[in-house]
>>> print(open('protein-v3.pdb').read())   # PDB, C-alpha atoms
ATOM      1  CA  MET A 193      40.757 -33.382  28.968
ATOM      2  CA  LEU A 194      39.304 -36.116  31.173
ATOM      3  CA  ASP A 195      38.089 -38.232  28.252
ATOM      4  CA  PRO A 196      36.661 -41.536  29.610
ATOM      5  CA  LEU A 197      37.993 -43.347  26.522
ATOM      6  CA  TYR A 198      41.583 -42.329  27.363
ATOM      7  CA  VAL A 199      41.101 -43.437  30.986
ATOM      8  CA  ALA A 200      39.610 -46.765  29.807
ATOM      9  CA  SER A 201      42.516 -47.263  27.378
ATOM     10  CA  GLY A 202      44.987 -46.589  30.170
ATOM     11  CA  PHE A 203      43.194 -49.141  32.356
ATOM     12  CA  ALA A 204      43.167 -51.773  29.563
ATOM     13  CA  VAL A 205      46.897 -51.326  28.858
ATOM     14  CA  GLY A 206      47.702 -51.326  32.583
ATOM     15  CA  LEU A 207      45.695 -54.553  32.982
ATOM     16  CA  LEU A 208      47.673 -56.278  30.204
ATOM     17  CA  VAL A 209      50.999 -54.966  31.506
ATOM     18  CA  GLY A 210      50.160 -56.276  34.978
ATOM     19  CA  MET A 211      49.137 -59.680  33.602
ATOM     20  CA  THR A 212      51.929 -60.208  31.039
ATOM     21  CA  GLY A 213      54.823 -58.058  32.280
ATOM     22  CA  VAL A 214      55.308 -56.810  28.705
ATOM     23  CA  GLY A 215      56.066 -53.111  28.448
ATOM     24  CA  GLY A 216      53.116 -50.801  27.905
ATOM     25  CA  GLY A 217      54.945 -49.174  24.968
ATOM     26  CA  SER A 218      54.146 -52.098  22.676
ATOM     27  CA  LEU A 219      50.448 -51.479  23.417
ATOM     28  CA  MET A 220      50.082 -47.810  24.350
ATOM     29  CA  THR A 221      52.012 -46.166  21.493
ATOM     30  CA  PRO A 222      50.129 -47.999  18.679
ATOM     31  CA  LEU A 223      46.832 -47.369  20.533
ATOM     32  CA  LEU A 224      47.475 -43.612  20.653
ATOM     33  CA  ILE A 225      48.451 -43.537  16.961
ATOM     34  CA  LEU A 226      45.722 -45.807  15.532
ATOM     35  CA  LEU A 227      42.744 -45.173  17.831
ATOM     36  CA  PHE A 228      43.209 -41.535  18.839
ATOM     37  CA  GLY A 229      45.136 -40.159  15.849
ATOM     38  CA  VAL A 230      47.976 -38.785  18.001
ATOM     39  CA  HIS A 231      51.089 -37.872  15.969
ATOM     40  CA  PRO A 232      53.618 -40.761  16.216
ATOM     41  CA  SER A 233      56.368 -38.587  17.756
ATOM     42  CA  THR A 234      54.002 -37.210  20.401
ATOM     43  CA  ALA A 235      52.696 -40.732  21.103
ATOM     44  CA  VAL A 236      56.272 -42.008  21.601
ATOM     45  CA  GLY A 237      57.376 -39.079  23.791
ATOM     46  CA  THR A 238      54.256 -39.215  25.969
ATOM     47  CA  ASP A 239      54.430 -42.996  26.285
ATOM     48  CA  LEU A 240      58.096 -42.934  27.334
ATOM     49  CA  LEU A 241      57.425 -40.695  30.343
ATOM     50  CA  TYR A 242      54.221 -42.663  31.075
ATOM     51  CA  ALA A 243      56.349 -45.852  31.094
ATOM     52  CA  ALA A 244      58.976 -44.264  33.359
ATOM     53  CA  ALA A 245      56.222 -43.381  35.856
ATOM     54  CA  THR A 246      54.498 -46.797  35.793
ATOM     55  CA  LYS A 247      57.719 -48.848  35.885
ATOM     56  CA  THR A 248      59.202 -46.916  38.805
ATOM     57  CA  GLY A 249      56.679 -48.576  41.152
ATOM     58  CA  GLY A 250      57.462 -52.023  39.761
ATOM     59  CA  SER A 251      61.182 -51.371  40.049
ATOM     60  CA  VAL A 252      60.855 -50.364  43.720
ATOM     61  CA  VAL A 253      58.852 -53.546  44.490
ATOM     62  CA  HIS A 254      61.440 -55.778  42.753
ATOM     63  CA  GLY A 255      64.295 -53.943  44.469
ATOM     64  CA  TRP A 256      62.612 -54.387  47.841
ATOM     65  CA  SER A 257      62.126 -58.095  47.096
ATOM     66  CA  ARG A 258      65.804 -58.375  46.088
ATOM     67  CA  SER A 259      64.759 -59.663  42.668
ATOM     68  CA  VAL A 260      66.987 -57.319  40.624
ATOM     69  CA  HIS A 261      70.381 -58.409  39.264
ATOM     70  CA  TRP A 262      72.093 -54.996  39.422
ATOM     71  CA  PRO A 263      75.237 -55.937  37.413
ATOM     72  CA  ALA A 264      73.003 -56.796  34.410
ATOM     73  CA  VAL A 265      71.030 -53.547  34.865
ATOM     74  CA  LEU A 266      74.231 -51.454  34.955
ATOM     75  CA  ARG A 267      75.646 -53.195  31.863
ATOM     76  CA  LEU A 268      72.425 -52.653  29.908
ATOM     77  CA  ALA A 269      72.339 -48.996  30.994
ATOM     78  CA  CYS A 270      75.987 -48.508  29.925
ATOM     79  CA  GLY A 271      74.856 -49.307  26.392
ATOM     80  CA  SER A 272      71.286 -47.976  26.326
ATOM     81  CA  ILE A 273      71.656 -44.533  27.941
ATOM     82  CA  PRO A 274      74.462 -43.266  25.612
ATOM     83  CA  ALA A 275      72.695 -44.882  22.608
ATOM     84  CA  SER A 276      69.450 -43.116  23.559
ATOM     85  CA  ALA A 277      71.218 -39.757  23.916
ATOM     86  CA  VAL A 278      72.961 -40.150  20.520
ATOM     87  CA  THR A 279      69.707 -41.267  18.810
ATOM     88  CA  LEU A 280      67.814 -38.238  20.154
ATOM     89  CA  LEU A 281      70.671 -35.928  19.115
ATOM     90  CA  VAL A 282      70.534 -37.361  15.575
ATOM     91  CA  LEU A 283      66.732 -36.885  15.453
ATOM     92  CA  TRP A 284      67.182 -33.277  16.606
ATOM     93  CA  LYS A 285      69.966 -32.584  14.074
ATOM     94  CA  LEU A 286      68.007 -34.131  11.180
ATOM     95  CA  ASP A 287      65.053 -31.878  12.068
ATOM     96  CA  LEU A 288      62.760 -34.163  10.082
ATOM     97  CA  LYS A 289      59.633 -32.713   8.541
ATOM     98  CA  THR A 290      56.253 -34.002   9.688
ATOM     99  CA  ASP A 291      55.757 -36.747   7.051
ATOM    100  CA  ALA A 292      59.366 -37.989   7.178
ATOM    101  CA  GLU A 293      59.316 -38.111  10.989
ATOM    102  CA  ARG A 294      55.947 -39.895  10.990
ATOM    103  CA  SER A 295      57.247 -42.515   8.543
ATOM    104  CA  LEU A 296      60.488 -43.089  10.471
ATOM    105  CA  VAL A 297      58.673 -43.593  13.790
ATOM    106  CA  ASN A 298      56.050 -45.858  12.177
ATOM    107  CA  LEU A 299      58.638 -48.067  10.431
ATOM    108  CA  VAL A 300      60.805 -48.487  13.560
ATOM    109  CA  LEU A 301      57.637 -49.055  15.606
ATOM    110  CA  CYS A 302      56.512 -51.840  13.234
ATOM    111  CA  PHE A 303      59.939 -53.496  13.419
ATOM    112  CA  ALA A 304      59.932 -53.300  17.238
ATOM    113  CA  LEU A 305      56.366 -54.681  17.445
ATOM    114  CA  LEU A 306      57.192 -57.619  15.163
ATOM    115  CA  LEU A 307      60.386 -58.307  17.148
ATOM    116  CA  THR A 308      58.409 -58.233  20.407
ATOM    117  CA  ALA A 309      55.664 -60.518  19.048
ATOM    118  CA  THR A 310      58.238 -62.978  17.674
ATOM    119  CA  SER A 311      60.095 -63.103  21.000
ATOM    120  CA  LEU A 312      56.784 -63.754  22.799
ATOM    121  CA  ILE A 313      55.878 -66.673  20.522
ATOM    122  CA  PHE A 314      59.301 -68.309  20.126
ATOM    123  CA  ARG A 315      60.812 -67.557  23.553
ATOM    124  CA  LYS A 316      60.487 -71.175  24.773
ATOM    125  CA  SER A 317      61.983 -72.736  21.625
ATOM    126  CA  ILE A 318      64.832 -70.163  21.666
ATOM    127  CA  MET A 319      65.502 -71.030  25.313
ATOM    128  CA  ASP A 320      65.480 -74.784  24.616
ATOM    129  CA  ARG A 321      67.876 -74.393  21.705
ATOM    130  CA  TYR A 322      70.460 -71.904  22.990
ATOM    131  CA  ARG A 323      70.282 -71.701  26.794
ATOM    132  CA  LYS A 324      72.520 -74.710  27.546
ATOM    133  CA  ARG A 325      75.128 -73.537  25.025
ATOM    134  CA  LEU A 326      75.185 -70.054  26.558
ATOM    135  CA  GLN A 327      75.813 -71.475  30.034
ATOM    136  CA  GLN A 328      79.382 -72.167  28.849
ATOM    137  CA  VAL A 329      79.989 -68.552  27.731
ATOM    138  CA  ASP A 330      82.660 -66.702  29.749
ATOM    139  CA  ALA A 331      81.877 -63.638  31.899
ATOM    140  CA  ARG A 332      83.624 -61.134  29.575
ATOM    141  CA  THR A 333      81.563 -62.216  26.544
ATOM    142  CA  THR A 334      78.365 -61.958  28.623
ATOM    143  CA  LEU A 335      79.350 -58.427  29.699
ATOM    144  CA  ILE A 336      80.018 -57.271  26.100
ATOM    145  CA  ALA A 337      76.823 -58.923  24.794
ATOM    146  CA  THR A 338      74.767 -57.229  27.544
ATOM    147  CA  VAL A 339      76.168 -53.776  26.693
ATOM    148  CA  ILE A 340      75.477 -54.353  22.954
ATOM    149  CA  THR A 341      71.917 -55.411  23.829
ATOM    150  CA  GLY A 342      71.600 -52.149  25.769
ATOM    151  CA  VAL A 343      72.707 -50.171  22.700
ATOM    152  CA  VAL A 344      70.084 -51.864  20.473
ATOM    153  CA  LEU A 345      67.329 -51.328  23.076
ATOM    154  CA  GLY A 346      68.399 -47.697  23.529
ATOM    155  CA  VAL A 347      67.971 -46.957  19.813
ATOM    156  CA  LEU A 348      64.694 -48.909  19.485
ATOM    157  CA  VAL A 349      63.092 -47.429  22.595
ATOM    158  CA  SER A 350      64.162 -43.846  21.794
ATOM    159  CA  ILE A 351      62.534 -43.921  18.354
ATOM    160  CA  SER A 352      59.512 -46.163  18.974
ATOM    161  CA  SER A 353      59.174 -46.532  22.810
ATOM    162  CA  VAL A 354      58.942 -50.322  22.183
ATOM    163  CA  GLY A 355      61.482 -53.092  22.860
ATOM    164  CA  ALA A 356      62.467 -52.907  26.517
ATOM    165  CA  GLY A 357      59.791 -55.451  27.588
ATOM    166  CA  ALA A 358      59.582 -58.814  25.864
ATOM    167  CA  VAL A 359      62.768 -58.392  23.812
ATOM    168  CA  GLY A 360      64.800 -57.364  26.866
ATOM    169  CA  VAL A 361      63.477 -60.289  28.921
ATOM    170  CA  THR A 362      64.249 -62.818  26.153
ATOM    171  CA  VAL A 363      67.849 -61.615  25.760
ATOM    172  CA  LEU A 364      68.421 -61.544  29.535
ATOM    173  CA  LEU A 365      67.122 -65.125  29.787
ATOM    174  CA  LEU A 366      69.721 -66.181  27.210
ATOM    175  CA  LEU A 367      72.621 -64.193  28.668
ATOM    176  CA  TYR A 368      71.910 -65.005  32.334
ATOM    177  CA  PRO A 369      70.523 -68.586  32.247
ATOM    178  CA  ARG A 370      71.233 -69.199  35.943
ATOM    179  CA  LEU A 371      69.082 -66.304  37.175
ATOM    180  CA  PRO A 372      65.502 -67.037  38.346
ATOM    181  CA  MET A 373      62.659 -65.603  36.237
ATOM    182  CA  ALA A 374      61.730 -63.066  38.940
ATOM    183  CA  ALA A 375      65.258 -61.603  38.800
ATOM    184  CA  ILE A 376      65.128 -61.450  34.970
ATOM    185  CA  VAL A 377      61.807 -59.544  34.994
ATOM    186  CA  GLY A 378      62.934 -57.328  37.886
ATOM    187  CA  SER A 379      66.208 -56.459  36.124
ATOM    188  CA  ASP A 380      64.383 -55.672  32.870
ATOM    189  CA  ILE A 381      61.941 -53.337  34.675
ATOM    190  CA  ALA A 382      64.738 -51.672  36.695
ATOM    191  CA  HIS A 383      66.684 -50.988  33.476
ATOM    192  CA  ALA A 384      63.591 -49.638  31.707
ATOM    193  CA  VAL A 385      63.146 -46.831  34.282
ATOM    194  CA  PRO A 386      66.315 -44.796  33.521
ATOM    195  CA  LEU A 387      66.107 -45.602  29.795
ATOM    196  CA  THR A 388      62.494 -44.425  29.369
ATOM    197  CA  LEU A 389      63.168 -41.417  31.614
ATOM    198  CA  VAL A 390      66.212 -40.263  29.591
ATOM    199  CA  ALA A 391      64.479 -40.916  26.247
ATOM    200  CA  GLY A 392      61.268 -39.258  27.521
ATOM    201  CA  ILE A 393      63.107 -36.126  28.694
ATOM    202  CA  GLY A 394      64.820 -35.999  25.285
ATOM    203  CA  HIS A 395      61.450 -36.109  23.507
ATOM    204  CA  TRP A 396      60.127 -33.454  25.913
ATOM    205  CA  ALA A 397      63.052 -31.221  24.873
ATOM    206  CA  LEU A 398      62.051 -31.845  21.237
ATOM    207  CA  GLY A 399      58.450 -30.830  22.101
ATOM    208  CA  ASP A 400      56.996 -34.326  21.721
ATOM    209  CA  VAL A 401      55.175 -34.791  25.056
ATOM    210  CA  ASP A 402      51.487 -34.197  25.811
ATOM    211  CA  TRP A 403      51.410 -33.840  29.610
ATOM    212  CA  ALA A 404      47.612 -33.655  29.918
ATOM    213  CA  LEU A 405      47.259 -36.884  27.909
ATOM    214  CA  MET A 406      49.889 -38.603  30.050
ATOM    215  CA  GLY A 407      48.061 -37.641  33.255
ATOM    216  CA  VAL A 408      44.766 -39.087  32.001
ATOM    217  CA  LEU A 409      46.445 -42.326  30.864
ATOM    218  CA  LEU A 410      48.132 -42.740  34.263
ATOM    219  CA  LEU A 411      44.774 -42.217  35.973
ATOM    220  CA  GLY A 412      43.466 -45.344  34.234
ATOM    221  CA  SER A 413      46.591 -47.470  34.020
ATOM    222  CA  LEU A 414      47.753 -47.516  37.645
ATOM    223  CA  PRO A 415      44.566 -49.273  38.889
ATOM    224  CA  GLY A 416      44.777 -51.523  35.789
ATOM    225  CA  ILE A 417      48.322 -52.638  36.656
ATOM    226  CA  ILE A 418      47.255 -53.499  40.222
ATOM    227  CA  VAL A 419      44.240 -55.547  39.031
ATOM    228  CA  GLY A 420      46.317 -57.210  36.290
ATOM    229  CA  SER A 421      49.096 -58.177  38.712
ATOM    230  CA  PHE A 422      46.592 -59.989  40.945
ATOM    231  CA  SER A 423      44.939 -61.680  37.933
ATOM    232  CA  ALA A 424      48.199 -62.874  36.352
ATOM    233  CA  THR A 425      48.295 -66.184  38.221
ATOM    234  CA  ARG A 426      44.722 -67.055  37.219
ATOM    235  CA  VAL A 427      45.305 -67.033  33.439
ATOM    236  CA  PRO A 428      47.750 -69.498  31.777
ATOM    237  CA  GLU A 429      50.959 -67.682  30.757
ATOM    238  CA  THR A 430      51.070 -69.326  27.303
ATOM    239  CA  VAL A 431      47.550 -68.096  26.487
ATOM    240  CA  LEU A 432      48.487 -64.555  27.553
ATOM    241  CA  ARG A 433      51.705 -64.507  25.522
ATOM    242  CA  LEU A 434      50.121 -65.892  22.345
ATOM    243  CA  THR A 435      47.118 -63.547  22.584
ATOM    244  CA  LEU A 436      49.356 -60.535  23.082
ATOM    245  CA  ALA A 437      51.639 -61.612  20.205
ATOM    246  CA  CYS A 438      48.620 -61.908  17.861
ATOM    247  CA  VAL A 439      47.465 -58.420  18.896
ATOM    248  CA  LEU A 440      50.944 -57.010  18.173
ATOM    249  CA  PHE A 441      51.083 -58.678  14.732
ATOM    250  CA  VAL A 442      47.662 -57.188  13.846
ATOM    251  CA  VAL A 443      48.688 -53.727  15.101
ATOM    252  CA  ALA A 444      51.976 -53.830  13.134
ATOM    253  CA  GLY A 445      50.018 -54.850  10.037
ATOM    254  CA  ARG A 446      47.580 -51.950  10.507
ATOM    255  CA  ILE A 447      50.428 -49.434  10.841
ATOM    256  CA  ILE A 448      52.239 -50.796   7.754
ATOM    257  CA  PHE A 449      48.967 -50.707   5.768
ATOM    258  CA  ALA A 450      48.303 -47.094   6.826
ATOM    259  CA  GLU A 451      51.899 -46.140   5.965
ATOM    260  CA  LEU A 452      51.650 -47.720   2.482
ATOM    261  CA  ASN A 453      48.353 -45.915   1.850
ATOM    262  CA  LEU A 454      49.931 -42.603   2.896
ATOM    263  CA  SER A 455      52.974 -43.209   0.666
ATOM    264  CA  SER A 456      50.818 -44.060  -2.363
ATOM    265  CA  ALA A 457      48.668 -40.949  -1.739
ATOM    266  CA  ILE A 458      51.812 -38.753  -1.647
ATOM    267  CA  VAL A 459      53.150 -40.351  -4.866
ATOM    268  CA  THR A 460      49.754 -39.821  -6.582
ATOM    269  CA  ALA A 461      49.623 -36.193  -5.440
ATOM    270  CA  LEU A 462      53.143 -35.556  -6.747
ATOM    271  CA  ALA A 463      52.308 -37.216 -10.071
ATOM    272  CA  TRP A 464      49.199 -35.006 -10.460
ATOM    273  CA  SER A 465      51.155 -31.860  -9.585
ATOM    274  CA  HIS A 466      53.522 -32.579 -12.498
TER     275      HIS A 466
END
>>> encode(input="protein-v3.pdb", output="structure tokens")
Amino acid sequence: MLDPLYVASGFAVGLLVGMTGVGGGSLMTPLLILLFGVHPSTAVGTDLLYAAATKTGGSVVHGWSRSVHWPAVLRLACGSIPASAVTLLVLWKLDLKTDAERSLVNLVLCFALLLTATSLIFRKSIMDRYRKRLQQVDARTTLIATVITGVVLGVLVSISSVGAGAVGVTVLLLLYPRLPMAAIVGSDIAHAVPLTLVAGIGHWALGDVDWALMGVLLLGSLPGIIVGSFSATRVPETVLRLTLACVLFVVAGRIIFAELNLSSAIVTALAWSH
């Protein structure tokens, strides 16, 4: 299944991930659902393992450069890994039918996309408003807040594969205002590896992973990430963030529109059957 369009999509997403540092989930999952018609659950499961593979390299580089704050990573993981396991167990127990599962994934995906886009646009104003106040917060409160953040990310990522990128970075910036940006990004990527791996394995157990599709996407995205990483310094960061946020808003709107159309079609069909 070496479809050039899949390879090109992988390259495009990899390029954006390399340039912006935002998780591929916010781009790849909607792309698979909207452009290729992949079932939402399969798109999420495949993207989670794809993310685990692509972020492992980034995590190793940041670890080698000593730009990972391991206490923050461990605290996030203490919340996110159990939350991911519980979320996947609930999904398995509910045994949702195709339409119900599709709607659940799409709704959580839209919420996560809008949250990511908002954090991209308003990150600077949020920092300006709250960062100084949070510098006075004691260590215990920071620890608890980090674990709670992990729980929220664990649930979001397990259902939609989105949230660990821009949202995680924004919260880490607020909770750890004294850390340099490189350490914030490195810690976010290092945390994303075990989270996406655990959630991805869970979706694999539920039968929601297309291995052939993942292989083709990786074939395109790995060169894209390398090219994007080298290009990142040549494009203004504000332009990148605003462009990506606009794309995410449009994608969320498309998914909501498609979901409303599907719901109205189901209601109409039920009305006719009676």
>>> resolve_selection(input="protein-v3.pdb", expression="the PyMOL selection byres ((chain A and resi 391) around 12)", output="number ranges by chain")
A: 233, 236-244, 272-281, 283, 345-354, 384-390, 392-398, 400-401
>>> resolve_selection(input="protein-v3.pdb", expression="the PyMOL selection byres ((chain A and resi 437-449) around 8)", output="number ranges by chain")
A: 218-219, 222, 226, 298-299, 301-303, 305-306, 308-310, 312-313, 433-436, 450-453
>>> resolve_selection(input="protein-v3.pdb", expression="the PyMOL selection byres ((chain A and resi 195) around 12)", output="list in words")
Met193, Leu194, Pro196, Leu197, Tyr198, Val199, Ala200, Ser201, Gly202, Phe228, Ala404, Leu405, Met406, Gly407, Val408, Leu409, Leu411 and Gly412 of chain A
>>> closest_residue(input="protein-v3.pdb", among="A:Ala264, A:Ala245, A:Val419, A:Val431", to="Leu335 (chain A)", atoms="all atoms listed in the file")
A:Ala264
>>> closest_residue(input="protein-v3.pdb", among="A:Ser317, A:Pro232, A:Val282, A:Thr248", to="Leu296 (chain A)", atoms="only C-alpha atoms")
A:Pro232
>>> atom_distance(input="protein-v3.pdb", atom1="CA of Thr246 (chain A)", atom2="CA of Ile418 (chain A)")
10.8 Å
>>> atom_distance(input="protein-v3.pdb", atom1="CA of Val260 (chain A)", atom2="CA of Leu307 (chain A)")
24.4 Å
>>> closest_residue(input="protein-v3.pdb", among="A:Ala269, A:Leu414, A:Val209, A:Ile376", to="Thr338 (chain A)", atoms="only C-alpha atoms")
A:Ala269
>>> closest_residue(input="protein-v3.pdb", among="A:Leu364, A:Gly378, A:Gly416, A:Val300", to="Val252 (chain A)", atoms="only C-alpha atoms")
A:Gly378
>>> closest_residue(input="protein-v3.pdb", among="A:Arg294, A:Lys247, A:Lys316, A:Arg332", to="Thr234 (chain A)", atoms="all atoms listed in the file")
A:Arg294
>>> axis_aligned_box(input="protein-v3.pdb", around="region 375-386 of chain A", padding_each_side="3 Å", output="AutoDock Vina command-line options")
--center_x 64.2 --center_y -53.2 --center_z 35.3 --size_x 10.9 --size_y 22.8 --size_z 13.1
>>> atom_distance(input="protein-v3.pdb", atom1="CA of Tyr322 (chain A)", atom2="CA of Tyr368 (chain A)")
11.7 Å
>>> residues_near_point(input="protein-v3.pdb", point="(75.4, -60.7, 33.0)", cutoff="12 Å", atoms="only C-alpha atoms", output="PyMOL selection string")
chain A and resi 260-268+326-327+329-342+363-371+375-376+379
>>> closest_residue(input="protein-v3.pdb", among="A:Ile381, A:Val344, A:Leu286, A:Val253", to="Cys270 (chain A)", atoms="all atoms listed in the file")
A:Val344
